[in-house]
There are 2 protein chains.
Amino acid sequence: MTVRALYLEDLTVGDVWEGGPVTVTEADIVRFAEKFDPQPMHLDPSAAQGRFGGVIASGWHVAALVMRDFVDQKPFGDTPLLGLSVDQLYWLQPVRPGDILSIRREIVAVARSRSKPDRGTVQMRMTVTNQRDEVAMSFLNLIQVPAAPPPSRENS
Amino acid sequence: MTVRALYLEDLTVGDVWEGGPVTVTEADIVRFAEKFDPQPMHLDPSAAQGRFGGVIASGWHVAALVMRDFVDQKPFGDTPLLGLSVDQLYWLQPVRPGDILSIRREIVAVARSRSKPDRGTVQMRMTVTNQRDEVAMSFLNLIQVPAAPPPSRENS
């Protein structure tokens with residue numbers, strides 16, 4: 001698939017993309033946890049059972065799945081997705097084996113850099129919802145986006 | 001290693017733990033990116049070369065490495081580290097192959113839940129510094145921590 005790169009000028013507050021579905025398996029949860037978050041609640045169904053009724057995904061695993069879906073969906077075409085910051089990230093519901101996540105991305109702000117007018121930022125609200133329509137996670141993500149190149153002098 | 005679980009009452013604003021060193025390899029960067037952030041700047045040394053002079057780690061990979069170090073360091077003993085939210089997360093410097101990260105964790109707030117007095121929250125400022133003393137990433141992490149159990153009636 002060839003998708004052209006989108007520039008700052010192509011993106012508007014209120015633009016929305018719907019991502020997913022992302023199905024989360026117990027094997028995925030345990031594999032991520034073994035590498036990055038080896039706590040019993042993410043690793044061991046019996047140890048986790050008391051509190052959560054089974055393993056739950058590391059919150060950072062859910063964030064990583066959102067990133068993967070972002071790359072796959074290519075909402076900005078071939079423009080690299082370079083994250084600058086995150087705010088208001090909430091893990092609201094545990095993500096469990098078998099959960100099917102959908103991810104809504106909405107542009108909430110677009111700003112050109114004052115010091116470097118060849119680029120700007122887009123702030124997106126990411127909302128991760130499970131198959132019961134519960135919001136499992138949400139956050140604001142500020143992403144650097146290039147501005148459209150100025151018209152070539154040779155052509156003007 | 002046996003470490004007792006720490007409770008909310010054991011944790012104080014200003015407590016600091018120094019974590020790391022975490023050495024980041026190109027293989028680690030590429031492996032994470034293949035799974036969760038398959039963009040050329042994280043995957044392909046030649047494609048990434050123009051802008052960054054080689055591959056750089058996905059920001060979510062750096063976050064996951066901070067989590068792993070948190071679990072390994074056990075600053076709260078055996079108390080589970082259950083993240084509730086993140087704010088003011090900044091990716092300030094690229095993380096490159098060979099970088100050696102240290103991670104400072106400082107408690108900036110401790111609060112008991114009003115509605116559920118058996119628990120509370122600890123807010124920590126996480127600061128990730130590379131071997132050149134540049135801050136590569138920082139964020140505030142709000143973590144749920146159990147309060148100490150009340151004295152048993154049978155013993156009182």
# chains A, B, ... in the order shown; residues from 1 in each chain; ligands from 1
>>> residues_around(residues="A:Pro38", least_positions_apart="3", cutoff="10 Å", atoms="only C-alpha atoms", output="list of chain:residue names")
A:Val30, A:Arg31, A:Phe32, A:Ala33, A:Glu34, A:Lys35, A:Met41, A:His42, A:Leu43, A:Asp44, A:Ser58, B:Met67, B:Arg68, B:Val71, B:Asp72
>>> interface_residues(of="chain A", to="chain B", cutoff="6 Å", atoms="only C-alpha atoms", output="list of chain:residue names")
A:Phe36, A:Asp37, A:Ala64, A:Arg68, A:Leu84, A:Ser85, A:Val86, A:Asp87, A:Gln88, A:Leu89, A:Tyr90, A:Trp91
>>> write_last_selection(atoms="C-alpha atoms", output="JSON list (two decimals), in the first residue's frame")
[["chain", "number", "residue", "atom", "x", "y", "z"],
["A", 36, "PHE", "CA", 8.92, -5.80, 30.85],
["A", 37, "ASP", "CA", 6.61, -6.15, 33.86],
["A", 64, "ALA", "CA", 2.30, -0.62, 23.20],
["A", 68, "ARG", "CA", 1.15, -0.85, 17.05],
["A", 84, "LEU", "CA", 6.84, 14.12, 22.05],
["A", 85, "SER", "CA", 4.71, 13.81, 25.14],
["A", 86, "VAL", "CA", 1.76, 12.16, 26.86],
["A", 87, "ASP", "CA", -0.66, 13.60, 29.38],
["A", 88, "GLN", "CA", -3.75, 12.49, 31.24],
["A", 89, "LEU", "CA", -3.03, 8.82, 30.70],
["A", 90, "TYR", "CA", -5.50, 6.73, 32.70],
["A", 91, "TRP", "CA", -5.68, 2.98, 33.05]]
>>> residues_around(residues="stretch 117-131 of chain B", least_positions_apart="3", cutoff="7 Å", atoms="only C-alpha atoms", output="VMD selection string")
chain B and resid 8 99 to 114 134 to 147
>>> write_last_selection(atoms="C-alpha atoms", output="short mmCIF file (atom, residue, chain, number, x, y, z; two decimals), in the first residue's frame")
data_model
loop_
_atom_site.label_atom_id
_atom_site.label_comp_id
_atom_site.auth_asym_id
_atom_site.auth_seq_id
_atom_site.Cartn_x
_atom_site.Cartn_y
_atom_site.Cartn_z
CA LEU B 8 1.23 3.69 52.19
CA ASP B 99 22.90 4.02 25.59
CA ILE B 100 23.10 3.28 29.29
CA LEU B 101 20.10 4.58 31.19
CA SER B 102 19.77 5.39 34.84
CA ILE B 103 16.37 5.96 36.37
CA ARG B 104 15.63 8.14 39.34
CA ARG B 105 12.33 7.70 41.15
CA GLU B 106 11.17 10.31 43.61
CA ILE B 107 7.94 10.38 45.56
CA VAL B 108 6.25 13.74 45.01
CA ALA B 109 2.85 13.05 46.63
CA VAL B 110 1.24 10.53 48.98
CA ALA B 111 -2.53 10.52 49.50
CA ARG B 112 -4.94 8.20 51.28
CA SER B 113 -8.18 7.47 49.47
CA ARG B 114 -11.16 9.18 51.10
CA GLU B 134 20.96 14.09 29.35
CA VAL B 135 17.39 13.50 30.46
CA ALA B 136 15.95 11.17 27.82
CA MET B 137 12.46 10.82 29.32
CA SER B 138 10.54 11.90 32.36
CA PHE B 139 7.03 11.38 33.67
CA LEU B 140 4.78 11.41 36.69
CA ASN B 141 3.30 8.05 37.60
CA LEU B 142 0.40 7.62 40.01
CA ILE B 143 0.47 4.21 41.68
CA GLN B 144 -2.09 2.56 43.95
CA VAL B 145 -0.63 1.38 47.25
CA PRO B 146 -2.44 -0.49 50.05
CA ALA B 147 -2.63 1.08 53.49
#
>>> select_by_dssp(residues="stretch 2-139 of chain B", states="helix (DSSP H, G or I)", output="mmCIF file with N, CA, C and O atoms, in the first residue's frame")
data_model
loop_
_atom_site.group_PDB
_atom_site.id
_atom_site.type_symbol
_atom_site.label_atom_id
_atom_site.label_comp_id
_atom_site.auth_asym_id
_atom_site.auth_seq_id
_atom_site.Cartn_x
_atom_site.Cartn_y
_atom_site.Cartn_z
ATOM 1 N N LEU B 8 1.312 2.248 52.396
ATOM 2 C CA LEU B 8 1.229 3.691 52.191
ATOM 3 C C LEU B 8 1.962 4.456 53.297
ATOM 4 O O LEU B 8 2.662 5.446 53.030
ATOM 5 N N GLU B 9 1.814 3.965 54.528
ATOM 6 C CA GLU B 9 2.396 4.655 55.690
ATOM 7 C C GLU B 9 3.922 4.622 55.679
ATOM 8 O O GLU B 9 4.569 5.375 56.423
ATOM 9 N N ASP B 10 4.491 3.713 54.904
ATOM 10 C CA ASP B 10 5.957 3.585 54.860
ATOM 11 C C ASP B 10 6.593 4.549 53.856
ATOM 12 O O ASP B 10 7.824 4.623 53.785
ATOM 13 N N GLU B 26 20.902 -2.511 20.034
ATOM 14 C CA GLU B 26 20.169 -2.376 18.772
ATOM 15 C C GLU B 26 19.196 -3.544 18.589
ATOM 16 O O GLU B 26 18.067 -3.341 18.118
ATOM 17 N N ALA B 27 19.613 -4.738 18.993
ATOM 18 C CA ALA B 27 18.719 -5.888 18.848
ATOM 19 C C ALA B 27 17.449 -5.689 19.675
ATOM 20 O O ALA B 27 16.338 -6.008 19.227
ATOM 21 N N ASP B 28 17.599 -5.164 20.889
ATOM 22 C CA ASP B 28 16.424 -4.897 21.735
ATOM 23 C C ASP B 28 15.502 -3.882 21.076
ATOM 24 O O ASP B 28 14.274 -4.023 21.085
ATOM 25 N N ILE B 29 16.106 -2.812 20.552
ATOM 26 C CA ILE B 29 15.315 -1.742 19.924
ATOM 27 C C ILE B 29 14.508 -2.292 18.757
ATOM 28 O O ILE B 29 13.307 -2.037 18.627
ATOM 29 N N VAL B 30 15.185 -3.082 17.910
ATOM 30 C CA VAL B 30 14.523 -3.616 16.714
ATOM 31 C C VAL B 30 13.455 -4.636 17.102
ATOM 32 O O VAL B 30 12.355 -4.657 16.527
ATOM 33 N N ARG B 31 13.739 -5.463 18.113
ATOM 34 C CA ARG B 31 12.780 -6.501 18.518
ATOM 35 C C ARG B 31 11.497 -5.865 19.050
ATOM 36 O O ARG B 31 10.392 -6.284 18.697
ATOM 37 N N PHE B 32 11.641 -4.836 19.887
ATOM 38 C CA PHE B 32 10.438 -4.157 20.384
ATOM 39 C C PHE B 32 9.676 -3.521 19.225
ATOM 40 O O PHE B 32 8.453 -3.618 19.134
ATOM 41 N N ALA B 33 10.421 -2.865 18.346
ATOM 42 C CA ALA B 33 9.772 -2.148 17.239
ATOM 43 C C ALA B 33 9.038 -3.108 16.303
ATOM 44 O O ALA B 33 7.937 -2.797 15.831
ATOM 45 N N GLU B 34 9.640 -4.258 16.041
ATOM 46 C CA GLU B 34 8.968 -5.217 15.156
ATOM 47 C C GLU B 34 7.605 -5.597 15.714
ATOM 48 O O GLU B 34 6.641 -5.787 14.971
ATOM 49 N N LYS B 35 7.543 -5.703 17.028
ATOM 50 C CA LYS B 35 6.296 -6.144 17.672
ATOM 51 C C LYS B 35 5.313 -4.987 17.859
ATOM 52 O O LYS B 35 4.112 -5.160 17.655
ATOM 53 N N PHE B 36 5.810 -3.819 18.251
ATOM 54 C CA PHE B 36 4.893 -2.779 18.728
ATOM 55 C C PHE B 36 4.993 -1.425 18.029
ATOM 56 O O PHE B 36 4.108 -0.594 18.216
ATOM 57 N N PRO B 40 10.308 2.806 10.266
ATOM 58 C CA PRO B 40 11.722 2.730 9.839
ATOM 59 C C PRO B 40 12.700 3.311 10.850
ATOM 60 O O PRO B 40 13.796 2.759 11.038
ATOM 61 N N MET B 41 12.336 4.392 11.543
ATOM 62 C CA MET B 41 13.309 5.009 12.470
ATOM 63 C C MET B 41 13.652 4.107 13.649
ATOM 64 O O MET B 41 14.655 4.317 14.326
ATOM 65 N N HIS B 42 12.801 3.090 13.909
ATOM 66 C CA HIS B 42 13.073 2.152 15.009
ATOM 67 C C HIS B 42 13.605 0.801 14.520
ATOM 68 O O HIS B 42 14.045 -0.014 15.317
ATOM 69 N N LEU B 43 13.507 0.579 13.211
ATOM 70 C CA LEU B 43 13.749 -0.760 12.660
ATOM 71 C C LEU B 43 15.009 -0.867 11.819
ATOM 72 O O LEU B 43 15.679 -1.899 11.818
ATOM 73 N N PRO B 45 18.507 0.637 10.385
ATOM 74 C CA PRO B 45 19.604 1.601 10.562
ATOM 75 C C PRO B 45 19.810 2.498 9.338
ATOM 76 O O PRO B 45 20.092 3.683 9.493
ATOM 77 N N SER B 46 19.640 1.972 8.133
ATOM 78 C CA SER B 46 19.899 2.823 6.960
ATOM 79 C C SER B 46 18.779 3.837 6.768
ATOM 80 O O SER B 46 19.027 5.013 6.494
ATOM 81 N N ALA B 47 17.532 3.398 6.967
ATOM 82 C CA ALA B 47 16.408 4.323 6.786
ATOM 83 C C ALA B 47 16.413 5.411 7.853
ATOM 84 O O ALA B 47 16.028 6.547 7.607
ATOM 85 N N ALA B 48 16.843 5.042 9.053
ATOM 86 C CA ALA B 48 16.816 5.993 10.161
ATOM 87 C C ALA B 48 17.990 6.952 10.106
ATOM 88 O O ALA B 48 18.018 7.971 10.779
ATOM 89 N N GLN B 49 18.984 6.623 9.295
ATOM 90 C CA GLN B 49 20.263 7.322 9.372
ATOM 91 C C GLN B 49 20.148 8.815 9.101
ATOM 92 O O GLN B 49 20.764 9.632 9.782
ATOM 93 N N GLY B 50 19.339 9.156 8.078
ATOM 94 C CA GLY B 50 19.257 10.560 7.687
ATOM 95 C C GLY B 50 18.977 11.469 8.867
ATOM 96 O O GLY B 50 19.721 12.402 9.137
ATOM 97 N N ARG B 51 17.938 11.183 9.566
ATOM 98 C CA ARG B 51 17.494 12.097 10.604
ATOM 99 C C ARG B 51 18.196 11.889 11.936
ATOM 100 O O ARG B 51 18.549 12.842 12.616
ATOM 101 N N PHE B 52 18.367 10.655 12.329
ATOM 102 C CA PHE B 52 18.834 10.376 13.690
ATOM 103 C C PHE B 52 20.214 9.730 13.745
ATOM 104 O O PHE B 52 20.733 9.477 14.831
ATOM 105 N N GLY B 59 9.581 5.271 21.890
ATOM 106 C CA GLY B 59 9.362 5.860 23.211
ATOM 107 C C GLY B 59 8.663 4.908 24.168
ATOM 108 O O GLY B 59 8.921 4.901 25.377
ATOM 109 N N TRP B 60 7.778 4.076 23.616
ATOM 110 C CA TRP B 60 7.065 3.113 24.465
ATOM 111 C C TRP B 60 7.986 1.998 24.924
ATOM 112 O O TRP B 60 7.744 1.368 25.958
ATOM 113 N N HIS B 61 9.037 1.733 24.157
ATOM 114 C CA HIS B 61 10.050 0.774 24.592
ATOM 115 C C HIS B 61 10.787 1.326 25.810
ATOM 116 O O HIS B 61 10.999 0.609 26.795
ATOM 117 N N VAL B 62 11.154 2.594 25.741
ATOM 118 C CA VAL B 62 11.850 3.193 26.891
ATOM 119 C C VAL B 62 10.955 3.120 28.128
ATOM 120 O O VAL B 62 11.403 2.763 29.230
ATOM 121 N N ALA B 63 9.673 3.431 27.943
ATOM 122 C CA ALA B 63 8.736 3.337 29.070
ATOM 123 C C ALA B 63 8.682 1.921 29.638
ATOM 124 O O ALA B 63 8.664 1.722 30.862
ATOM 125 N N ALA B 64 8.682 0.936 28.744
ATOM 126 C CA ALA B 64 8.627 -0.462 29.193
ATOM 127 C C ALA B 64 9.906 -0.844 29.949
ATOM 128 O O ALA B 64 9.861 -1.591 30.937
ATOM 129 N N LEU B 65 11.046 -0.305 29.509
ATOM 130 C CA LEU B 65 12.302 -0.573 30.219
ATOM 131 C C LEU B 65 12.284 0.044 31.624
ATOM 132 O O LEU B 65 12.819 -0.534 32.575
ATOM 133 N N VAL B 66 11.663 1.211 31.736
ATOM 134 C CA VAL B 66 11.532 1.849 33.059
ATOM 135 C C VAL B 66 10.672 0.972 33.969
ATOM 136 O O VAL B 66 10.979 0.782 35.149
ATOM 137 N N MET B 67 9.609 0.419 33.407
ATOM 138 C CA MET B 67 8.744 -0.469 34.200
ATOM 139 C C MET B 67 9.520 -1.701 34.666
ATOM 140 O O MET B 67 9.430 -2.099 35.828
ATOM 141 N N ARG B 68 10.292 -2.290 33.750
ATOM 142 C CA ARG B 68 11.041 -3.489 34.126
ATOM 143 C C ARG B 68 12.020 -3.200 35.264
ATOM 144 O O ARG B 68 12.129 -3.956 36.237
ATOM 145 N N ASP B 69 12.688 -2.073 35.156
ATOM 146 C CA ASP B 69 13.628 -1.715 36.218
ATOM 147 C C ASP B 69 12.895 -1.467 37.543
ATOM 148 O O ASP B 69 13.392 -1.807 38.621
ATOM 149 N N PHE B 70 11.703 -0.884 37.452
ATOM 150 C CA PHE B 70 10.882 -0.625 38.646
ATOM 151 C C PHE B 70 10.581 -1.948 39.367
ATOM 152 O O PHE B 70 10.731 -2.065 40.589
ATOM 153 N N VAL B 71 10.169 -2.940 38.583
ATOM 154 C CA VAL B 71 9.860 -4.249 39.183
ATOM 155 C C VAL B 71 11.126 -4.862 39.780
ATOM 156 O O VAL B 71 11.117 -5.399 40.896
ATOM 157 N N ASP B 72 12.236 -4.756 39.049
ATOM 158 C CA ASP B 72 13.484 -5.361 39.530
ATOM 159 C C ASP B 72 13.992 -4.682 40.803
ATOM 160 O O ASP B 72 14.540 -5.337 41.692
ATOM 161 N N GLN B 73 13.834 -3.372 40.884
ATOM 162 C CA GLN B 73 14.386 -2.634 42.028
ATOM 163 C C GLN B 73 13.555 -2.831 43.291
ATOM 164 O O GLN B 73 14.060 -2.614 44.400
#
>>> select_by_dssp(residues="stretch 12-149 of chain B", states="strand (DSSP E)", output="NGL selection string")
:B and (16-23 or 82-91 or 100-112 or 119-129 or 135-146)
>>> write_last_selection(atoms="N, CA and C atoms", output="compact mmCIF listing (two decimals), in the first residue's frame")
# COMPACT_ATOMS: atom_id res chain seq x y z
N VAL B 16 13.66 8.76 47.54
CA VAL B 16 14.27 8.64 46.21
C VAL B 16 14.91 7.27 46.08
N TRP B 17 14.74 6.67 44.91
CA TRP B 17 15.46 5.45 44.56
C TRP B 17 16.18 5.66 43.24
N GLU B 18 17.37 5.16 43.15
CA GLU B 18 18.13 5.25 41.90
C GLU B 18 18.14 3.87 41.25
N GLY B 19 17.63 3.79 40.02
CA GLY B 19 17.57 2.52 39.31
C GLY B 19 18.53 2.48 38.14
N GLY B 20 18.55 1.35 37.47
CA GLY B 20 19.48 1.11 36.38
C GLY B 20 20.77 0.57 36.94
N PRO B 21 21.86 0.52 36.14
CA PRO B 21 21.91 0.92 34.74
C PRO B 21 21.19 -0.07 33.83
N VAL B 22 20.54 0.47 32.79
CA VAL B 22 19.88 -0.33 31.77
C VAL B 22 20.59 -0.04 30.45
N THR B 23 21.26 -1.05 29.91
CA THR B 23 21.93 -0.88 28.62
C THR B 23 20.98 -1.29 27.50
N LEU B 82 0.72 -1.13 40.90
CA LEU B 82 -0.47 -1.02 40.06
C LEU B 82 -0.62 0.43 39.61
N GLY B 83 -0.29 0.68 38.36
CA GLY B 83 -0.33 2.05 37.84
C GLY B 83 -1.75 2.50 37.57
N LEU B 84 -2.07 3.71 37.97
CA LEU B 84 -3.39 4.29 37.70
C LEU B 84 -3.33 5.31 36.58
N SER B 85 -2.29 6.13 36.60
CA SER B 85 -2.25 7.19 35.59
C SER B 85 -0.82 7.70 35.40
N VAL B 86 -0.65 8.42 34.30
CA VAL B 86 0.63 9.04 33.94
C VAL B 86 0.34 10.46 33.46
N ASP B 87 1.18 11.39 33.84
CA ASP B 87 1.07 12.76 33.36
C ASP B 87 2.45 13.29 33.05
N GLN B 88 2.46 14.36 32.24
CA GLN B 88 3.70 15.09 31.97
C GLN B 88 4.82 14.14 31.51
N LEU B 89 4.44 13.20 30.64
CA LEU B 89 5.46 12.30 30.07
C LEU B 89 6.09 13.01 28.87
N TYR B 90 7.41 13.17 28.93
CA TYR B 90 8.15 13.81 27.85
C TYR B 90 9.26 12.88 27.36
N TRP B 91 9.29 12.70 26.03
CA TRP B 91 10.45 12.04 25.41
C TRP B 91 11.37 13.15 24.93
N ILE B 100 23.19 3.86 27.95
CA ILE B 100 23.10 3.28 29.29
C ILE B 100 22.24 4.23 30.12
N LEU B 101 21.08 3.72 30.53
CA LEU B 101 20.10 4.58 31.19
C LEU B 101 20.13 4.39 32.70
N SER B 102 20.05 5.48 33.41
CA SER B 102 19.77 5.39 34.84
C SER B 102 18.41 6.03 35.09
N ILE B 103 17.76 5.58 36.13
CA ILE B 103 16.37 5.96 36.37
C ILE B 103 16.23 6.39 37.82
N ARG B 104 15.85 7.63 38.00
CA ARG B 104 15.63 8.14 39.34
C ARG B 104 14.14 8.18 39.61
N ARG B 105 13.74 7.68 40.75
CA ARG B 105 12.33 7.70 41.15
C ARG B 105 12.21 8.48 42.45
N GLU B 106 11.36 9.49 42.41
CA GLU B 106 11.17 10.31 43.61
C GLU B 106 9.69 10.42 43.92
N ILE B 107 9.34 10.21 45.16
CA ILE B 107 7.94 10.38 45.56
C ILE B 107 7.64 11.86 45.69
N VAL B 108 6.62 12.32 44.96
CA VAL B 108 6.25 13.74 45.01
C VAL B 108 4.90 13.95 45.69
N ALA B 109 4.13 12.90 45.91
CA ALA B 109 2.85 13.05 46.63
C ALA B 109 2.44 11.69 47.19
N VAL B 110 1.82 11.73 48.36
CA VAL B 110 1.24 10.53 48.98
C VAL B 110 -0.15 10.93 49.47
N ALA B 111 -1.16 10.16 49.10
CA ALA B 111 -2.53 10.52 49.50
C ALA B 111 -3.32 9.27 49.84
N ARG B 112 -4.04 9.31 50.95
CA ARG B 112 -4.94 8.20 51.28
C ARG B 112 -6.27 8.44 50.58
N ARG B 119 -6.56 1.98 51.18
CA ARG B 119 -5.58 2.18 50.11
C ARG B 119 -5.31 3.66 49.90
N GLY B 120 -4.36 3.93 49.05
CA GLY B 120 -4.05 5.31 48.71
C GLY B 120 -3.23 5.34 47.46
N THR B 121 -2.69 6.50 47.16
CA THR B 121 -1.88 6.64 45.96
C THR B 121 -0.55 7.31 46.29
N VAL B 122 0.43 6.92 45.52
CA VAL B 122 1.75 7.54 45.58
C VAL B 122 2.05 8.07 44.18
N GLN B 123 2.40 9.34 44.09
CA GLN B 123 2.82 9.88 42.80
C GLN B 123 4.34 9.97 42.78
N MET B 124 4.92 9.39 41.74
CA MET B 124 6.37 9.38 41.62
C MET B 124 6.79 10.12 40.35
N ARG B 125 7.88 10.85 40.47
CA ARG B 125 8.49 11.44 39.29
C ARG B 125 9.61 10.53 38.83
N MET B 126 9.49 10.03 37.62
CA MET B 126 10.49 9.14 37.03
C MET B 126 11.35 9.96 36.08
N THR B 127 12.64 9.89 36.24
CA THR B 127 13.55 10.64 35.37
C THR B 127 14.59 9.67 34.82
N VAL B 128 14.62 9.57 33.49
CA VAL B 128 15.52 8.64 32.81
C VAL B 128 16.66 9.44 32.19
N THR B 129 17.87 9.13 32.60
CA THR B 129 19.04 9.89 32.17
C THR B 129 19.99 8.96 31.43
N VAL B 135 18.66 14.13 30.12
CA VAL B 135 17.39 13.50 30.46
C VAL B 135 16.74 13.04 29.16
N ALA B 136 16.54 11.74 29.04
CA ALA B 136 15.95 11.17 27.82
C ALA B 136 14.43 11.13 27.92
N MET B 137 13.91 10.96 29.14
CA MET B 137 12.46 10.82 29.32
C MET B 137 12.15 11.13 30.77
N SER B 138 11.00 11.74 30.98
CA SER B 138 10.54 11.90 32.36
C SER B 138 9.03 11.82 32.39
N PHE B 139 8.49 11.41 33.52
CA PHE B 139 7.03 11.38 33.67
C PHE B 139 6.65 11.26 35.13
N LEU B 140 5.40 11.61 35.38
CA LEU B 140 4.78 11.41 36.69
C LEU B 140 3.90 10.17 36.61
N ASN B 141 4.05 9.31 37.60
CA ASN B 141 3.30 8.05 37.60
C ASN B 141 2.54 7.93 38.92
N LEU B 142 1.24 7.79 38.82
CA LEU B 142 0.40 7.62 40.01
C LEU B 142 0.15 6.13 40.21
N ILE B 143 0.50 5.64 41.40
CA ILE B 143 0.47 4.21 41.68
C ILE B 143 -0.42 3.96 42.90
N GLN B 144 -1.25 2.93 42.81
CA GLN B 144 -2.09 2.56 43.95
C GLN B 144 -1.28 1.74 44.94
N VAL B 145 -1.38 2.08 46.21
CA VAL B 145 -0.63 1.38 47.25
C VAL B 145 -1.59 1.06 48.40
N PRO B 146 -1.56 -0.17 48.92
CA PRO B 146 -2.44 -0.49 50.05
C PRO B 146 -1.98 0.21 51.33
>>> atom_distance(atom1="atom CA of B:Lys74", atom2="atom CA of B:Val24")
20.9 Å
